[in-house]
Structures are given as C-alpha cells and as structure tokens.
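Asks: What follows is the file data_0.cif, containing mmCIF, C-alpha atoms:
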data_model
#
loop_
_atom_site.group_PDB
_atom_site.id
_atom_site.type_symbol
_atom_site.label_atom_id
_atom_site.label_comp_id
_atom_site.auth_asym_id
_atom_site.auth_seq_id
_atom_site.Cartn_x
_atom_site.Cartn_y
_atom_site.Cartn_z
ATOM 1 C CA GLN A 27 -20.028 33.493 -37.840
ATOM 2 C CA LYS A 28 -21.442 33.839 -34.374
ATOM 3 C CA TRP A 29 -20.144 36.669 -32.196
ATOM 4 C CA TRP A 30 -18.467 34.441 -29.597
ATOM 5 C CA GLY A 31 -16.111 33.020 -32.249
ATOM 6 C CA ILE A 32 -14.639 36.458 -32.964
ATOM 7 C CA PRO A 33 -13.107 37.212 -29.555
ATOM 8 C CA LYS A 34 -12.068 33.582 -29.051
ATOM 9 C CA SER A 35 -10.050 33.635 -32.275
ATOM 10 C CA SER A 36 -8.525 37.085 -31.703
ATOM 11 C CA LYS A 37 -4.857 37.588 -30.838
ATOM 12 C CA TRP A 38 -5.604 40.512 -28.489
ATOM 13 C CA LEU A 39 -8.090 43.304 -27.865
ATOM 14 C CA ILE A 40 -7.107 46.948 -28.101
ATOM 15 C CA SER A 41 -9.547 49.540 -26.798
ATOM 16 C CA MET A 42 -8.327 53.131 -26.720
ATOM 17 C CA SER A 43 -11.633 54.728 -25.720
ATOM 18 C CA GLU A 44 -11.682 58.117 -24.055
ATOM 19 C CA VAL A 45 -14.921 57.285 -22.214
ATOM 20 C CA GLU A 46 -16.800 54.032 -21.613
ATOM 21 C CA GLY A 47 -20.168 53.125 -20.204
ATOM 22 C CA ALA A 48 -20.314 49.405 -19.543
ATOM 23 C CA PRO A 49 -17.518 47.990 -21.725
ATOM 24 C CA ASN A 50 -19.047 44.601 -22.527
ATOM 25 C CA VAL A 51 -16.557 43.809 -25.280
ATOM 26 C CA ILE A 52 -13.790 44.003 -22.683
ATOM 27 C CA ARG A 53 -15.670 41.629 -20.400
ATOM 28 C CA GLU A 54 -16.082 39.262 -23.336
ATOM 29 C CA ALA A 55 -12.351 39.435 -24.079
ATOM 30 C CA MET A 56 -11.641 38.729 -20.411
ATOM 31 C CA ALA A 57 -13.863 35.643 -20.519
ATOM 32 C CA ALA A 58 -12.363 34.529 -23.845
ATOM 33 C CA GLY A 59 -8.883 34.693 -22.333
ATOM 34 C CA ILE A 60 -7.249 37.012 -24.826
ATOM 35 C CA PRO A 61 -4.661 39.680 -23.944
ATOM 36 C CA ILE A 62 -6.063 43.169 -23.483
ATOM 37 C CA ILE A 63 -4.489 46.582 -24.192
ATOM 38 C CA LEU A 64 -6.577 49.464 -22.850
ATOM 39 C CA SER A 65 -6.574 53.216 -22.547
ATOM 40 C CA ASP A 66 -5.910 54.209 -18.965
ATOM 41 C CA ILE A 67 -9.338 55.584 -18.065
ATOM 42 C CA PRO A 68 -11.380 55.084 -14.874
ATOM 43 C CA GLN A 69 -13.940 52.825 -16.567
ATOM 44 C CA HIS A 70 -11.214 50.422 -17.714
ATOM 45 C CA ARG A 71 -9.462 50.563 -14.330
ATOM 46 C CA ALA A 72 -12.764 49.671 -12.663
ATOM 47 C CA LEU A 73 -12.699 46.359 -14.533
ATOM 48 C CA LEU A 74 -9.023 45.455 -14.662
ATOM 49 C CA ASP A 75 -5.704 46.186 -13.007
ATOM 50 C CA ASP A 76 -2.038 46.128 -14.025
ATOM 51 C CA GLU A 77 -1.934 42.384 -13.386
ATOM 52 C CA SER A 78 -4.690 41.678 -15.895
ATOM 53 C CA ALA A 79 -4.276 44.227 -18.728
ATOM 54 C CA THR A 80 -1.778 46.564 -20.322
ATOM 55 C CA PHE A 81 -2.782 50.186 -19.812
ATOM 56 C CA ILE A 82 -1.789 52.975 -22.183
ATOM 57 C CA GLU A 83 -1.846 56.629 -21.224
ATOM 58 C CA LEU A 84 -4.677 58.259 -23.138
ATOM 59 C CA GLY A 85 -3.324 59.876 -26.298
ATOM 60 C CA ASN A 86 0.184 58.411 -25.929
ATOM 61 C CA ILE A 87 0.667 57.037 -29.435
ATOM 62 C CA GLN A 88 4.295 56.032 -28.827
ATOM 63 C CA MET A 89 3.349 53.986 -25.776
ATOM 64 C CA LEU A 90 0.559 52.288 -27.746
ATOM 65 C CA ALA A 91 2.926 51.552 -30.638
ATOM 66 C CA ARG A 92 5.431 49.952 -28.227
ATOM 67 C CA ALA A 93 2.691 47.808 -26.688
ATOM 68 C CA ILE A 94 1.530 46.676 -30.127
ATOM 69 C CA ASP A 95 5.129 45.972 -31.213
ATOM 70 C CA CYS A 96 5.610 43.913 -28.059
ATOM 71 C CA ALA A 97 2.364 42.055 -28.680
ATOM 72 C CA ILE A 98 3.339 41.258 -32.271
ATOM 73 C CA ALA A 99 6.904 40.234 -31.391
ATOM 74 C CA ASN A 100 6.051 38.145 -28.386
ATOM 75 C CA SER A 101 2.748 38.078 -26.621
ATOM 76 C CA GLY A 102 4.320 36.357 -23.605
ATOM 77 C CA GLY A 103 4.088 39.429 -21.400
ATOM 78 C CA LEU A 104 0.496 40.001 -22.387
ATOM 79 C CA MET A 105 -0.371 36.318 -22.010
ATOM 80 C CA VAL A 106 0.754 36.366 -18.383
ATOM 81 C CA LYS A 107 -2.003 38.872 -17.696
ATOM 82 C CA VAL A 108 -4.702 36.707 -19.287
ATOM 83 C CA ASP A 109 -5.123 34.534 -16.200
ATOM 84 C CA GLY A 110 -5.676 37.634 -14.079
ATOM 85 C CA ALA A 111 -8.272 38.967 -16.495
ATOM 86 C CA ARG A 112 -10.012 35.609 -16.774
ATOM 87 C CA SER A 113 -10.327 35.314 -12.984
ATOM 88 C CA LEU A 114 -11.745 38.856 -12.824
ATOM 89 C CA ALA A 115 -14.255 37.906 -15.531
ATOM 90 C CA ASP A 116 -15.765 35.414 -13.095
ATOM 91 C CA GLU A 117 -17.091 38.401 -11.142
ATOM 92 C CA TYR A 118 -19.385 39.082 -14.116
ATOM 93 C CA SER A 119 -20.752 35.552 -14.378
ATOM 94 C CA LEU A 120 -24.500 35.081 -14.646
ATOM 95 C CA GLU A 121 -24.672 33.697 -11.117
ATOM 96 C CA ASN A 122 -22.756 36.615 -9.602
ATOM 97 C CA SER A 123 -24.797 39.141 -11.593
ATOM 98 C CA LYS A 124 -28.064 37.591 -10.418
ATOM 99 C CA ARG A 125 -26.853 37.597 -6.810
ATOM 100 C CA GLN A 126 -25.762 41.244 -7.013
ATOM 101 C CA TYR A 127 -29.073 42.344 -8.535
ATOM 102 C CA ARG A 128 -31.012 40.388 -5.901
ATOM 103 C CA GLU A 129 -28.970 42.023 -3.105
ATOM 104 C CA LEU A 130 -29.519 45.456 -4.640
ATOM 105 C CA TYR A 131 -33.280 44.999 -4.989
ATOM 106 C CA GLU A 132 -33.602 43.529 -1.492
ATOM 107 C CA GLY A 133 -31.677 46.486 -0.064
ATOM 108 C CA VAL A 134 -33.919 48.973 -1.862
ATOM 109 C CA MET A 135 -37.036 47.149 -0.705
ATOM 110 C CA ARG A 136 -35.838 47.143 2.931
ATOM 111 C CA ARG A 137 -35.096 50.848 2.712
ATOM 112 C CA PHE A 138 -38.583 51.736 1.460
ATOM 113 C CA SER A 139 -40.569 49.168 3.447
#
Any chance you could give the structure as structure tokens?
Replies:
Amino acid sequence: QKWWGIPKSSKWLISMSEVEGAPNVIREAMAAGIPIILSDIPQHRALLDDESATFIELGNIQMLARAIDCAIANSGGLMVKVDGARSLADEYSLENSKRQYRELYEGVMRRFS
C-alpha cells in the first residue's frame, strides 16, 4: 500500500511528541482531512490552533484518554476542526513552498549583493 492511502483511511491522528522538528506526518494528516489530537508543544502550535486540532497538555494521560474516548464515541467535535486544519494545510502547498523559498533566497541575495 502506498503511503498516501494510510492517512486518508485513518480515523484520526494522535501525536503526543515532546519535541518535533518539522512534523510532516501532521501536515499530511491536515491535507488528508482527518481529525488531529496533538501534544500541546510549540512545534504543534506553530502549525495548528484550537480551531483546527485538539491539544493535550503534555503528560496529561487523563486528558488524552478523554479526547480518545470522545473521538471513539463521536468524532463530531473533532470533525469540525478538520476544515480548519485542511485550510491551514494549503499554506504548505507546493506552490506556496516554492514562493516562500524564492522570497527567502532573493532576500539573502539582496542582503549580500
């Protein structure tokens, strides 16, 4: 099975990382339109907000269990956030990424020219 089929067929993504670099799997979940439950760390907050993901205090097992119970019982609350996450995923499109890199390189070149 190709990788893209995995997130598209998932019910939700749970990532309880303590630290992240560039969390590509979260971006892929955003683009796939699946609900996301994340540890409340700066790297996750840099990608998403309370309107687009469910955040869990790092190490709060009870809070995570409640979020999972809610997701299993009725993903309605999580599904509402999917549209927010999907719209944020557009920021990471190929076209936007190319534009941002071009702007960065042009700025560096102007600075050292």
Asks: Which residues come within 10 Å of A:Gly85, counting only C-alpha atoms, excluding same-chain residues fewer than 3 positions away, as a PyMOL selection string?
Replies: chain A and resi 42-44+65-66+82+88-90
Asks: Would you kindly return, as an NGL selection string, each protein, DNA or RNA residue with an atom no farther than 7 Å from any atom of stretch 48-55 of chain A, considering all atoms listed in the file and excluding same-chain residues fewer than 4 positions away?
Replies: :A and (33 or 39 or 59-60 or 115)
Asks: Give me, please, the distance in Å between atom CA of A:Cys96 and atom CA of A:Leu73, quoted to one decimal.
Replies: 22.9 Å
Asks: Quick one: pull the distance between atom CA of A:Ala72 and atom CA of A:Gly47, Å, one decimal.
Replies: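 Going from atom CA of A:Ala72 over to atom CA of A:Gly47, I get 11.1 Å.
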Asks: Can you list what the PyMOL selection byres ((chain A and resi 75) around 12) grabs from this structure, as a VMD selection string?
Replies: chain A and resid 62 to 74 76 to 81 107 to 108 110 to 111 113 to 114
Asks: State, in Å with one decimal place, the distance from atom CA of A:Glu46 to atom CA of A:Val134.
Replies: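 Atom CA of A:Val134 lies 26.6 Å from atom CA of A:Glu46.
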